[in-house]
>>> print(open('run_22.pdb').read())   # PDB, C-alpha atoms
ATOM      1  CA  GLY A 927      72.632 -34.845  -9.266
ATOM      2  CA  ALA A 928      71.238 -38.087 -10.675
ATOM      3  CA  ASN A 929      69.677 -40.896  -8.636
ATOM      4  CA  LEU A 930      71.655 -44.143  -8.895
ATOM      5  CA  TYR A 931      70.240 -45.724  -5.730
ATOM      6  CA  ARG A 932      71.415 -49.351  -5.479
ATOM      7  CA  ALA A 933      72.815 -49.245  -9.037
ATOM      8  CA  THR A 934      75.319 -51.894 -10.136
ATOM      9  CA  LEU A 935      78.559 -50.296 -11.321
ATOM     10  CA  SER A 936      80.948 -53.193 -10.649
ATOM     11  CA  GLY A 937      84.061 -52.841 -12.785
ATOM     12  CA  ALA A 938      82.708 -49.716 -14.514
ATOM     13  CA  ASP A 939      85.136 -47.138 -15.897
ATOM     14  CA  LEU A 940      83.988 -43.728 -14.669
ATOM     15  CA  MET A 941      87.377 -42.037 -14.587
ATOM     16  CA  GLY A 942      86.961 -38.283 -14.063
ATOM     17  CA  ALA A 943      83.146 -38.587 -13.968
ATOM     18  CA  ASP A 944      81.128 -35.716 -12.518
ATOM     19  CA  LEU A 945      78.972 -37.335  -9.821
ATOM     20  CA  ARG A 946      78.573 -34.297  -7.589
ATOM     21  CA  ARG A 947      75.476 -34.437  -5.361
ATOM     22  CA  THR A 948      74.495 -37.761  -6.983
ATOM     23  CA  VAL A 949      72.524 -40.306  -4.943
ATOM     24  CA  LEU A 950      74.697 -43.458  -4.918
ATOM     25  CA  THR A 951      73.236 -44.972  -1.753
ATOM     26  CA  GLU A 952      74.027 -48.723  -1.498
ATOM     27  CA  VAL A 953      75.548 -48.720  -4.989
ATOM     28  CA  ASN A 954      77.668 -51.783  -5.851
ATOM     29  CA  ALA A 955      80.838 -50.382  -7.428
ATOM     30  CA  ARG A 956      83.327 -53.118  -6.597
ATOM     31  CA  ASN A 957      86.525 -52.804  -8.689
ATOM     32  CA  ALA A 958      85.167 -49.686 -10.432
ATOM     33  CA  ASN A 959      87.513 -46.986 -11.741
ATOM     34  CA  PHE A 960      86.692 -43.551 -10.296
ATOM     35  CA  GLN A 961      90.151 -42.000 -10.649
ATOM     36  CA  GLY A 962      89.857 -38.218 -10.338
ATOM     37  CA  ALA A 963      86.037 -38.414 -10.226
ATOM     38  CA  LEU A 964      84.001 -35.677  -8.532
ATOM     39  CA  PHE A 965      81.774 -36.867  -5.673
ATOM     40  CA  ASP A 966      81.407 -33.574  -3.772
ATOM     41  CA  GLY A 967      78.217 -33.691  -1.673
ATOM     42  CA  ALA A 968      77.276 -37.152  -3.062
ATOM     43  CA  GLN A 969      75.250 -39.689  -1.056
ATOM     44  CA  LEU A 970      77.367 -42.866  -0.848
ATOM     45  CA  ASP A 971      75.940 -44.259   2.380
ATOM     46  CA  GLY A 972      76.163 -48.052   2.418
ATOM     47  CA  ALA A 973      77.999 -48.044  -0.925
ATOM     48  CA  ARG A 974      80.171 -51.062  -1.768
ATOM     49  CA  LEU A 975      83.450 -49.712  -3.131
ATOM     50  CA  VAL A 976      85.625 -52.720  -2.310
ATOM     51  CA  GLU A 977      88.867 -52.628  -4.334
ATOM     52  CA  ALA A 978      87.627 -49.540  -6.218
ATOM     53  CA  ASP A 979      90.148 -47.054  -7.644
ATOM     54  CA  LEU A 980      89.422 -43.577  -6.247
ATOM     55  CA  GLU A 981      92.927 -42.179  -6.605
ATOM     56  CA  GLY A 982      92.787 -38.375  -6.628
ATOM     57  CA  ALA A 983      88.981 -38.377  -6.379
ATOM     58  CA  TYR A 984      87.118 -35.482  -4.729
ATOM     59  CA  LEU A 985      84.694 -36.546  -1.994
ATOM     60  CA  ASP A 986      84.338 -33.243  -0.110
ATOM     61  CA  GLU A 987      81.248 -33.220   2.153
ATOM     62  CA  ALA A 988      80.081 -36.581   0.752
ATOM     63  CA  ASN A 989      78.176 -39.021   2.963
ATOM     64  CA  LEU A 990      79.977 -42.399   3.167
ATOM     65  CA  THR A 991      78.257 -43.653   6.330
ATOM     66  CA  LYS A 992      78.666 -47.463   6.581
ATOM     67  CA  ALA A 993      80.275 -47.593   3.108
ATOM     68  CA  SER A 994      82.720 -50.444   2.444
ATOM     69  CA  LEU A 995      86.073 -49.429   0.913
ATOM     70  CA  ARG A 996      88.140 -52.442   1.894
ATOM     71  CA  ASP A 997      91.332 -52.681  -0.219
ATOM     72  CA  ALA A 998      90.311 -49.536  -2.153
ATOM     73  CA  LEU A 999      92.882 -47.143  -3.627
ATOM     74  CA  LEU A1000      92.375 -43.524  -2.524
ATOM     75  CA  ARG A1001      95.887 -42.060  -2.749
ATOM     76  CA  GLY A1002      95.769 -38.264  -2.778
ATOM     77  CA  ALA A1003      91.966 -38.216  -2.590
ATOM     78  CA  ASP A1004      90.136 -35.278  -1.003
ATOM     79  CA  LEU A1005      87.796 -36.275   1.842
ATOM     80  CA  ARG A1006      87.462 -32.923   3.574
ATOM     81  CA  PHE A1007      84.406 -32.658   5.851
ATOM     82  CA  THR A1008      83.241 -36.089   4.637
ATOM     83  CA  ASN A1009      81.008 -38.206   6.905
ATOM     84  CA  LEU A1010      82.787 -41.571   7.249
ATOM     85  CA  GLN A1011      80.945 -42.823  10.333
ATOM     86  CA  SER A1012      81.135 -46.644  10.608
ATOM     87  CA  ALA A1013      82.703 -46.882   7.135
ATOM     88  CA  GLY A1014      85.258 -49.643   6.455
ATOM     89  CA  PHE A1015      88.696 -48.845   5.011
ATOM     90  CA  GLN A1016      90.491 -52.063   5.998
ATOM     91  CA  GLN A1017      93.794 -52.434   4.084
ATOM     92  CA  ALA A1018      92.892 -49.393   1.933
ATOM     93  CA  ASP A1019      95.622 -47.179   0.461
ATOM     94  CA  LEU A1020      94.971 -43.709   1.917
ATOM     95  CA  GLU A1021      98.448 -42.247   1.471
ATOM     96  CA  GLY A1022      98.337 -38.437   1.465
ATOM     97  CA  VAL A1023      94.533 -38.326   1.756
ATOM     98  CA  ASN A1024      93.102 -35.065   3.116
ATOM     99  CA  PHE A1025      90.623 -35.862   5.921
ATOM    100  CA  GLU A1026      90.370 -32.275   7.208
ATOM    101  CA  GLY A1027      87.263 -31.906   9.380
ATOM    102  CA  ALA A1028      86.084 -35.403   8.444
ATOM    103  CA  ARG A1029      83.886 -37.461  10.761
ATOM    104  CA  LEU A1030      85.681 -40.759  11.419
ATOM    105  CA  VAL A1031      83.458 -41.911  14.283
ATOM    106  CA  LYS A1032      83.703 -45.727  14.633
ATOM    107  CA  THR A1033      85.449 -45.862  11.234
ATOM    108  CA  ASN A1034      87.447 -49.048  10.628
ATOM    109  CA  LEU A1035      90.927 -48.296   9.232
ATOM    110  CA  GLN A1036      92.640 -51.508  10.322
ATOM    111  CA  SER A1037      95.913 -52.180   8.444
ATOM    112  CA  ALA A1038      95.295 -49.188   6.139
ATOM    113  CA  ASN A1039      98.125 -47.105   4.662
ATOM    114  CA  LEU A1040      97.747 -43.530   5.971
ATOM    115  CA  ARG A1041     101.298 -42.362   5.343
ATOM    116  CA  MET A1042     101.369 -38.525   5.344
ATOM    117  CA  ALA A1043      97.563 -38.401   5.620
ATOM    118  CA  ILE A1044      96.082 -35.109   6.876
ATOM    119  CA  LEU A1045      93.631 -35.553   9.762
ATOM    120  CA  TYR A1046      93.468 -31.860  10.659
ATOM    121  CA  HIS A1047      90.540 -31.140  13.016
ATOM    122  CA  SER A1048      88.983 -34.559  12.307
ATOM    123  CA  ASN A1049      86.703 -36.408  14.741
ATOM    124  CA  LEU A1050      88.269 -39.772  15.648
ATOM    125  CA  ASP A1051      85.834 -40.986  18.343
ATOM    126  CA  ARG A1052      86.269 -44.790  18.640
ATOM    127  CA  ALA A1053      87.958 -44.971  15.213
ATOM    128  CA  ASP A1054      90.018 -48.153  14.768
ATOM    129  CA  PHE A1055      93.547 -47.663  13.378
ATOM    130  CA  ARG A1056      95.022 -50.913  14.680
ATOM    131  CA  ASP A1057      98.012 -52.125  12.613
ATOM    132  CA  ALA A1058      97.639 -49.039  10.357
ATOM    133  CA  ARG A1059     100.721 -47.429   8.820
ATOM    134  CA  MET A1060     100.595 -43.698   9.616
ATOM    135  CA  PRO A1061     104.167 -42.359   9.489
ATOM    136  CA  HIS A1062     104.319 -38.553   9.259
ATOM    137  CA  ALA A1063     100.525 -38.196   9.380
ATOM    138  CA  VAL A1064      99.294 -34.751  10.519
ATOM    139  CA  LEU A1065      96.785 -34.764  13.405
ATOM    140  CA  ILE A1066      96.763 -31.082  14.389
ATOM    141  CA  GLY A1067      93.476 -30.269  16.118
ATOM    142  CA  ALA A1068      92.206 -33.852  15.822
ATOM    143  CA  ARG A1069      90.096 -35.095  18.715
ATOM    144  CA  GLY A1070      88.748 -38.435  19.794
ATOM    145  CA  THR A1071      87.868 -40.580  22.778
ATOM    146  CA  GLY A1072      88.618 -44.298  22.863
ATOM    147  CA  THR A1073      90.465 -44.222  19.525
ATOM    148  CA  ILE A1074      92.407 -47.440  18.830
ATOM    149  CA  PHE A1075      96.011 -47.242  17.563
ATOM    150  CA  THR A1076      97.145 -50.664  18.828
ATOM    151  CA  LYS A1077     100.337 -51.790  17.016
ATOM    152  CA  ALA A1078     100.015 -48.884  14.545
ATOM    153  CA  ASP A1079     103.061 -47.155  13.034
ATOM    154  CA  LEU A1080     102.770 -43.501  14.107
ATOM    155  CA  SER A1081     106.447 -42.670  13.725
ATOM    156  CA  GLY A1082     107.047 -38.982  13.107
ATOM    157  CA  VAL A1083     103.363 -38.022  13.401
ATOM    158  CA  TYR A1084     102.757 -34.314  13.872
ATOM    159  CA  ALA A1085     100.081 -34.025  16.545
ATOM    160  CA  PRO A1086     100.676 -31.011  18.816
ATOM    161  CA  LYS A1087      97.665 -30.180  21.019
ATOM    162  CA  VAL A1088      95.786 -33.247  19.805
ATOM    163  CA  SER A1089      93.026 -34.461  22.164
ATOM    164  CA  LEU A1090      92.984 -38.273  22.373
ATOM    165  CA  GLN A1091      91.706 -39.261  25.798
ATOM    166  CA  HIS A1092      91.421 -42.957  26.750
ATOM    167  CA  ALA A1093      93.045 -43.953  23.442
ATOM    168  CA  GLN A1094      94.812 -47.288  22.919
ATOM    169  CA  PHE A1095      98.452 -46.903  21.805
ATOM    170  CA  ASN A1096      99.607 -50.246  23.218
ATOM    171  CA  GLU A1097     102.561 -51.695  21.262
ATOM    172  CA  ALA A1098     102.349 -48.766  18.803
ATOM    173  CA  ASN A1099     105.430 -47.118  17.302
ATOM    174  CA  LEU A1100     105.481 -43.388  18.137
ATOM    175  CA  GLU A1101     109.178 -42.808  17.502
ATOM    176  CA  SER A1102     109.897 -39.068  17.039
ATOM    177  CA  ALA A1103     106.169 -38.241  17.332
ATOM    178  CA  ASN A1104     105.321 -34.609  18.136
ATOM    179  CA  LEU A1105     102.742 -34.670  20.945
ATOM    180  CA  VAL A1106     103.537 -31.282  22.465
ATOM    181  CA  ALA A1107     100.728 -30.121  24.770
ATOM    182  CA  ALA A1108      98.603 -33.113  23.715
ATOM    183  CA  ASP A1109      95.712 -34.218  25.949
ATOM    184  CA  LEU A1110      96.336 -37.950  26.404
ATOM    185  CA  ARG A1111      94.605 -38.470  29.746
ATOM    186  CA  GLY A1112      93.861 -42.088  30.583
ATOM    187  CA  SER A1113      95.452 -43.405  27.381
ATOM    188  CA  ASN A1114      97.247 -46.734  27.165
ATOM    189  CA  PHE A1115     100.860 -46.673  25.903
ATOM    190  CA  SER A1116     101.853 -50.044  27.377
ATOM    191  CA  HIS A1117     104.892 -51.536  25.592
ATOM    192  CA  ALA A1118     104.814 -48.690  23.045
ATOM    193  CA  THR A1119     107.960 -47.385  21.362
ATOM    194  CA  LEU A1120     108.177 -43.716  22.400
ATOM    195  CA  THR A1121     111.842 -43.131  21.563
ATOM    196  CA  GLN A1122     112.655 -39.467  20.794
ATOM    197  CA  ALA A1123     108.925 -38.609  21.138
ATOM    198  CA  ASN A1124     108.135 -35.063  22.262
ATOM    199  CA  PHE A1125     105.677 -34.994  25.195
ATOM    200  CA  GLN A1126     106.549 -31.481  26.390
ATOM    201  CA  GLU A1127     103.584 -30.038  28.329
ATOM    202  CA  ALA A1128     101.489 -33.099  27.419
ATOM    203  CA  ASN A1129      98.733 -34.227  29.797
ATOM    204  CA  LEU A1130      99.448 -37.874  30.648
ATOM    205  CA  GLN A1131      97.327 -37.978  33.818
ATOM    206  CA  GLY A1132      96.286 -41.545  34.559
ATOM    207  CA  ALA A1133      97.983 -42.825  31.391
ATOM    208  CA  ASN A1134      99.495 -46.312  31.320
ATOM    209  CA  LEU A1135     103.110 -46.327  30.099
ATOM    210  CA  SER A1136     104.001 -49.758  31.498
ATOM    211  CA  GLY A1137     106.928 -51.297  29.643
ATOM    212  CA  ALA A1138     107.136 -48.320  27.247
ATOM    213  CA  ASP A1139     110.499 -47.288  25.802
ATOM    214  CA  LEU A1140     110.994 -43.547  26.388
ATOM    215  CA  THR A1141     114.650 -43.454  25.311
ATOM    216  CA  GLY A1142     115.426 -39.850  24.366
ATOM    217  CA  ALA A1143     111.805 -38.750  24.900
ATOM    218  CA  GLN A1144     111.184 -35.146  25.972
ATOM    219  CA  LEU A1145     109.004 -34.834  29.063
ATOM    220  CA  ASP A1146     109.521 -31.180  30.049
ATOM    221  CA  ALA A1147     106.485 -30.002  32.060
ATOM    222  CA  ALA A1148     104.473 -33.129  31.141
ATOM    223  CA  ASP A1149     101.720 -33.954  33.649
ATOM    224  CA  LEU A1150     102.398 -37.467  34.995
ATOM    225  CA  HIS A1151      99.885 -37.470  37.867
ATOM    226  CA  ARG A1152      98.831 -41.106  38.526
ATOM    227  CA  ALA A1153     100.560 -42.219  35.307
ATOM    228  CA  THR A1154     101.705 -45.852  35.517
ATOM    229  CA  LEU A1155     105.398 -46.224  34.623
ATOM    230  CA  HIS A1156     105.962 -49.836  35.699
ATOM    231  CA  GLY A1157     108.909 -51.276  33.787
ATOM    232  CA  ALA A1158     109.150 -48.151  31.580
ATOM    233  CA  ASN A1159     112.571 -47.076  30.314
ATOM    234  CA  LEU A1160     113.116 -43.447  31.313
ATOM    235  CA  ALA A1161     116.903 -43.723  31.699
ATOM    236  CA  SER A1162     117.673 -41.220  28.936
ATOM    237  CA  ALA A1163     114.410 -39.250  28.908
ATOM    238  CA  SER A1164     114.994 -35.481  29.056
ATOM    239  CA  GLY A1165     113.223 -32.742  30.987
ATOM    240  CA  LEU A1166     112.064 -35.100  33.742
ATOM    241  CA  THR A1167     112.105 -33.725  37.306
ATOM    242  CA  GLN A1168     111.836 -35.401  40.697
ATOM    243  CA  ALA A1169     108.599 -33.481  41.325
ATOM    244  CA  GLN A1170     107.039 -35.013  38.188
ATOM    245  CA  LEU A1171     108.169 -38.522  39.124
ATOM    246  CA  ASN A1172     106.806 -38.186  42.649
ATOM    247  CA  THR A1173     103.257 -37.831  41.251
ATOM    248  CA  ALA A1174     103.544 -40.989  39.079
ATOM    249  CA  CYS A1175     103.412 -44.724  39.843
ATOM    250  CA  LEU A1176     106.735 -46.563  39.390
ATOM    251  CA  ASP A1177     108.054 -49.992  40.319
ATOM    252  CA  GLU A1178     111.508 -51.547  40.771
ATOM    253  CA  GLN A1179     111.725 -52.276  37.039
ATOM    254  CA  THR A1180     111.283 -48.612  36.021
ATOM    255  CA  LYS A1181     114.603 -47.358  34.614
ATOM    256  CA  LEU A1182     115.356 -43.810  35.760
ATOM    257  CA  PRO A1183     117.907 -41.132  34.856
ATOM    258  CA  ALA A1184     120.906 -41.393  37.211
ATOM    259  CA  GLU A1185     120.208 -38.020  38.884
ATOM    260  CA  LEU A1186     116.639 -38.941  39.928
ATOM    261  CA  SER A1187     115.568 -41.221  42.761
ATOM    262  CA  ARG A1188     112.750 -43.754  42.853
ATOM    263  CA  PRO A1189     109.760 -42.357  44.783
ATOM    264  CA  ALA A1190     107.782 -44.368  47.299
ATOM    265  CA  PRO A1191     105.381 -46.865  45.660
ATOM    266  CA  CYS A1192     101.904 -45.623  44.777
ATOM    267  CA  ALA A1193      99.039 -46.604  47.009
ATOM    268  CA  THR A1194      96.848 -49.083  45.111
ATOM    269  CA  ALA A1195      93.951 -46.639  45.148
ATOM    270  CA  LYS A1196      95.149 -43.043  45.138
ATOM    271  CA  ALA A1197      92.822 -40.502  46.652
ATOM    272  CA  LYS A1198      91.215 -38.467  43.889
ATOM    273  CA  HIS A1199      91.713 -34.724  44.287
TER
END
>>> encode(input="run_22.pdb", output="structure tokens")
Amino acid sequence: GANLYRATLSGADLMGADLRRTVLTEVNARNANFQGALFDGAQLDGARLVEADLEGAYLDEANLTKASLRDALLRGADLRFTNLQSAGFQQADLEGVNFEGARLVKTNLQSANLRMAILYHSNLDRADFRDARMPHAVLIGARGTGTIFTKADLSGVYAPKVSLQHAQFNEANLESANLVAADLRGSNFSHATLTQANFQEANLQGANLSGADLTGAQLDAADLHRATLHGANLASASGLTQAQLNTACLDEQTKLPAELSRPAPCATAKAKH
């Protein structure tokens, strides 16, 4: 590939261009048209692609470390196994993008559109999805610690067996989300909408579900050890047993199914087993 290190391509029309394995480090390509372009294996670290059009572009295995793609259009783009560490996608349109195996460590996706995006086996360590729109996104096999989904729309996400420990889901919408057998230990779901969500066999040890709405949620065999359920609405949750509840921390404001009784309050510091 060619060497276009720090080149100025602002507003350029490179629709369908073949830029595979090209060095585009720190290139300034603001408002450029790269629709359907080929960037497989390209070096785009530190590139400025603000408001660029990358719809349907191929960026497989490209390096976009610290690149800026604020307000960029990437609908249907292919970012499989791409390194996006510390890249910025604020307000970007990422609908239907394939992020399979991508590295999204510390990536900023605030207020981005990720509707139906594929995040299969991606690394989401400390990625920031706050206020992002992610309905029906696929997160099978995704993993991350400290990932931020505050106030994000995750309705209908398909995320069985996902591993998202110590994640922030506060005030997020997870209506009808599939989180079967998910590892959500220590995550924060305070005031989240969890209506009709499927948490069967999920690990919610030490999770905070204070003020969460679990109307119609499925909790069969979910692990609620030391989970905080203060003020949570569990009145119509299904699959919940007294044994599960007895391991969790409730208060007088927790709404329970009629057939279950409120366990004794948690000690402020539970002995760790």
>>> resolve_selection(input="run_22.pdb", expression="the PyMOL selection byres ((chain A and resi 1016) around 7)", output="short mmCIF file (atom, residue, chain, number, x, y, z; two decimals) with C-alpha atoms, in the frame of the given file")
data_model
loop_
_atom_site.label_atom_id
_atom_site.label_comp_id
_atom_site.auth_asym_id
_atom_site.auth_seq_id
_atom_site.Cartn_x
_atom_site.Cartn_y
_atom_site.Cartn_z
CA ARG A 996 88.14 -52.44 1.89
CA ASP A 997 91.33 -52.68 -0.22
CA GLY A 1014 85.26 -49.64 6.46
CA PHE A 1015 88.70 -48.84 5.01
CA GLN A 1017 93.79 -52.43 4.08
CA ALA A 1018 92.89 -49.39 1.93
CA ASN A 1034 87.45 -49.05 10.63
CA LEU A 1035 90.93 -48.30 9.23
CA GLN A 1036 92.64 -51.51 10.32
CA SER A 1037 95.91 -52.18 8.44
CA ALA A 1038 95.30 -49.19 6.14
#
>>> closest_atom_pairs(input="run_22.pdb", of="range 959-1033 of chain A", to="range 1058-1073 of chain A", cutoff="9 Å", atoms="only C-alpha atoms", output="CSV")
residue,atom,partner,partner_atom,distance
A:Gln1016,CA,A:Ala1058,CA,8.9
A:Gln1017,CA,A:Ala1058,CA,8.1
A:Glu1021,CA,A:Met1060,CA,8.5
A:Gly1022,CA,A:Ala1063,CA,8.2
A:Glu1026,CA,A:Ala1068,CA,8.9
A:Gly1027,CA,A:Ala1068,CA,8.3
A:Val1031,CA,A:Gly1070,CA,8.4
A:Lys1032,CA,A:Thr1073,CA,8.5
>>> resolve_selection(input="run_22.pdb", expression="the PyMOL selection byres ((chain A and resi 1145) around 6)", output="VMD selection string")
chain A and resid 1125 to 1126 1144 1146 1148 1165 to 1166
>>> atom_distance(input="run_22.pdb", atom1="CA of Glu981 in chain A", atom2="CA of Gly1002 in chain A")
6.2 Å
>>> closest_residue(input="run_22.pdb", among="A:Ser1102, A:Leu935, A:Val949, A:Arg1006", to="Leu975 in chain A", atoms="only C-alpha atoms")
A:Leu935
>>> residues_around(input="run_22.pdb", residues="Leu1160 in chain A", least_positions_apart="4", cutoff="9 Å", atoms="only C-alpha atoms", output="PyMOL selection string")
chain A and resi 1138-1143+1155+1164+1166+1180-1183
>>> residues_around(input="run_22.pdb", residues="Ala1098 in chain A", least_positions_apart="3", cutoff="12 Å", atoms="all atoms listed in the file", output="PyMOL selection string")
chain A and resi 1055-1061+1074-1081+1093-1095+1101+1103+1114-1121+1135+1138-1139
>>> residues_around(input="run_22.pdb", residues="Phe965 in chain A", least_positions_apart="2", cutoff="9 Å", atoms="only C-alpha atoms", output="JSON list (two decimals) with C-alpha atoms, in the coordinates of the input")
[["chain", "number", "residue", "atom", "x", "y", "z"],
["A", 943, "ALA", "CA", 83.15, -38.59, -13.97],
["A", 944, "ASP", "CA", 81.13, -35.72, -12.52],
["A", 945, "LEU", "CA", 78.97, -37.34, -9.82],
["A", 946, "ARG", "CA", 78.57, -34.30, -7.59],
["A", 947, "ARG", "CA", 75.48, -34.44, -5.36],
["A", 948, "THR", "CA", 74.50, -37.76, -6.98],
["A", 963, "ALA", "CA", 86.04, -38.41, -10.23],
["A", 967, "GLY", "CA", 78.22, -33.69, -1.67],
["A", 968, "ALA", "CA", 77.28, -37.15, -3.06],
["A", 969, "GLN", "CA", 75.25, -39.69, -1.06],
["A", 970, "LEU", "CA", 77.37, -42.87, -0.85],
["A", 983, "ALA", "CA", 88.98, -38.38, -6.38],
["A", 984, "TYR", "CA", 87.12, -35.48, -4.73],
["A", 985, "LEU", "CA", 84.69, -36.55, -1.99],
["A", 986, "ASP", "CA", 84.34, -33.24, -0.11],
["A", 987, "GLU", "CA", 81.25, -33.22, 2.15],
["A", 988, "ALA", "CA", 80.08, -36.58, 0.75]]
>>> resolve_selection(input="run_22.pdb", expression="the PyMOL selection byres ((chain A and resi 1128) around 9)", output="PDB file with C-alpha atoms, keeping the file's coordinate frame")
ATOM      1  CA  PRO A1086     100.676 -31.011  18.816  1.00  0.00           C
ATOM      2  CA  LYS A1087      97.665 -30.180  21.019  1.00  0.00           C
ATOM      3  CA  LEU A1105     102.742 -34.670  20.945  1.00  0.00           C
ATOM      4  CA  VAL A1106     103.537 -31.282  22.465  1.00  0.00           C
ATOM      5  CA  ALA A1107     100.728 -30.121  24.770  1.00  0.00           C
ATOM      6  CA  ALA A1108      98.603 -33.113  23.715  1.00  0.00           C
ATOM      7  CA  ASP A1109      95.712 -34.218  25.949  1.00  0.00           C
ATOM      8  CA  LEU A1110      96.336 -37.950  26.404  1.00  0.00           C
ATOM      9  CA  ASN A1124     108.135 -35.063  22.262  1.00  0.00           C
ATOM     10  CA  PHE A1125     105.677 -34.994  25.195  1.00  0.00           C
ATOM     11  CA  GLN A1126     106.549 -31.481  26.390  1.00  0.00           C
ATOM     12  CA  GLU A1127     103.584 -30.038  28.329  1.00  0.00           C
ATOM     13  CA  ASN A1129      98.733 -34.227  29.797  1.00  0.00           C
ATOM     14  CA  LEU A1130      99.448 -37.874  30.648  1.00  0.00           C
ATOM     15  CA  LEU A1145     109.004 -34.834  29.063  1.00  0.00           C
ATOM     16  CA  ASP A1146     109.521 -31.180  30.049  1.00  0.00           C
ATOM     17  CA  ALA A1147     106.485 -30.002  32.060  1.00  0.00           C
ATOM     18  CA  ALA A1148     104.473 -33.129  31.141  1.00  0.00           C
ATOM     19  CA  ASP A1149     101.720 -33.954  33.649  1.00  0.00           C
ATOM     20  CA  LEU A1150     102.398 -37.467  34.995  1.00  0.00           C
TER      21      LEU A1150
END
>>> atom_distance(input="run_22.pdb", atom1="CA of Ala1043 in chain A", atom2="CA of Leu1000 in chain A")
10.9 Å
>>> closest_residue(input="run_22.pdb", among="A:Gly982, A:Asn989, A:Asn1049, A:Ala938", to="Glu952 in chain A", atoms="only C-alpha atoms")
A:Asn989
>>> atom_distance(input="run_22.pdb", atom1="CA of Glu1097 in chain A", atom2="CA of Asn1134 in chain A")
11.8 Å
>>> residues_near_point(input="run_22.pdb", point="(82.6, -43.6, -11.4)", cutoff="6 Å", atoms="only C-alpha atoms", output="NGL selection string")
:A and (940-941 or 943 or 959-960)
>>> closest_residue(input="run_22.pdb", among="A:Ala1153, A:Ser1162, A:Gly1137, A:Asn1096", to="Gln1122 in chain A", atoms="all atoms listed in the file")
A:Ser1162
>>> closest_residue(input="run_22.pdb", among="A:Leu1030, A:Leu1020, A:Val953, A:Ala993", to="Gly972 in chain A", atoms="only C-alpha atoms")
A:Ala993
>>> closest_residue(input="run_22.pdb", among="A:Asp1019, A:Asp1177, A:Asp966, A:Asp979", to="Arg1041 in chain A", atoms="all atoms listed in the file")
A:Asp1019
>>> closest_residue(input="run_22.pdb", among="A:Thr1008, A:Thr1033, A:Ser1113, A:Gln1131", to="Leu995 in chain A", atoms="all atoms listed in the file")
A:Thr1033
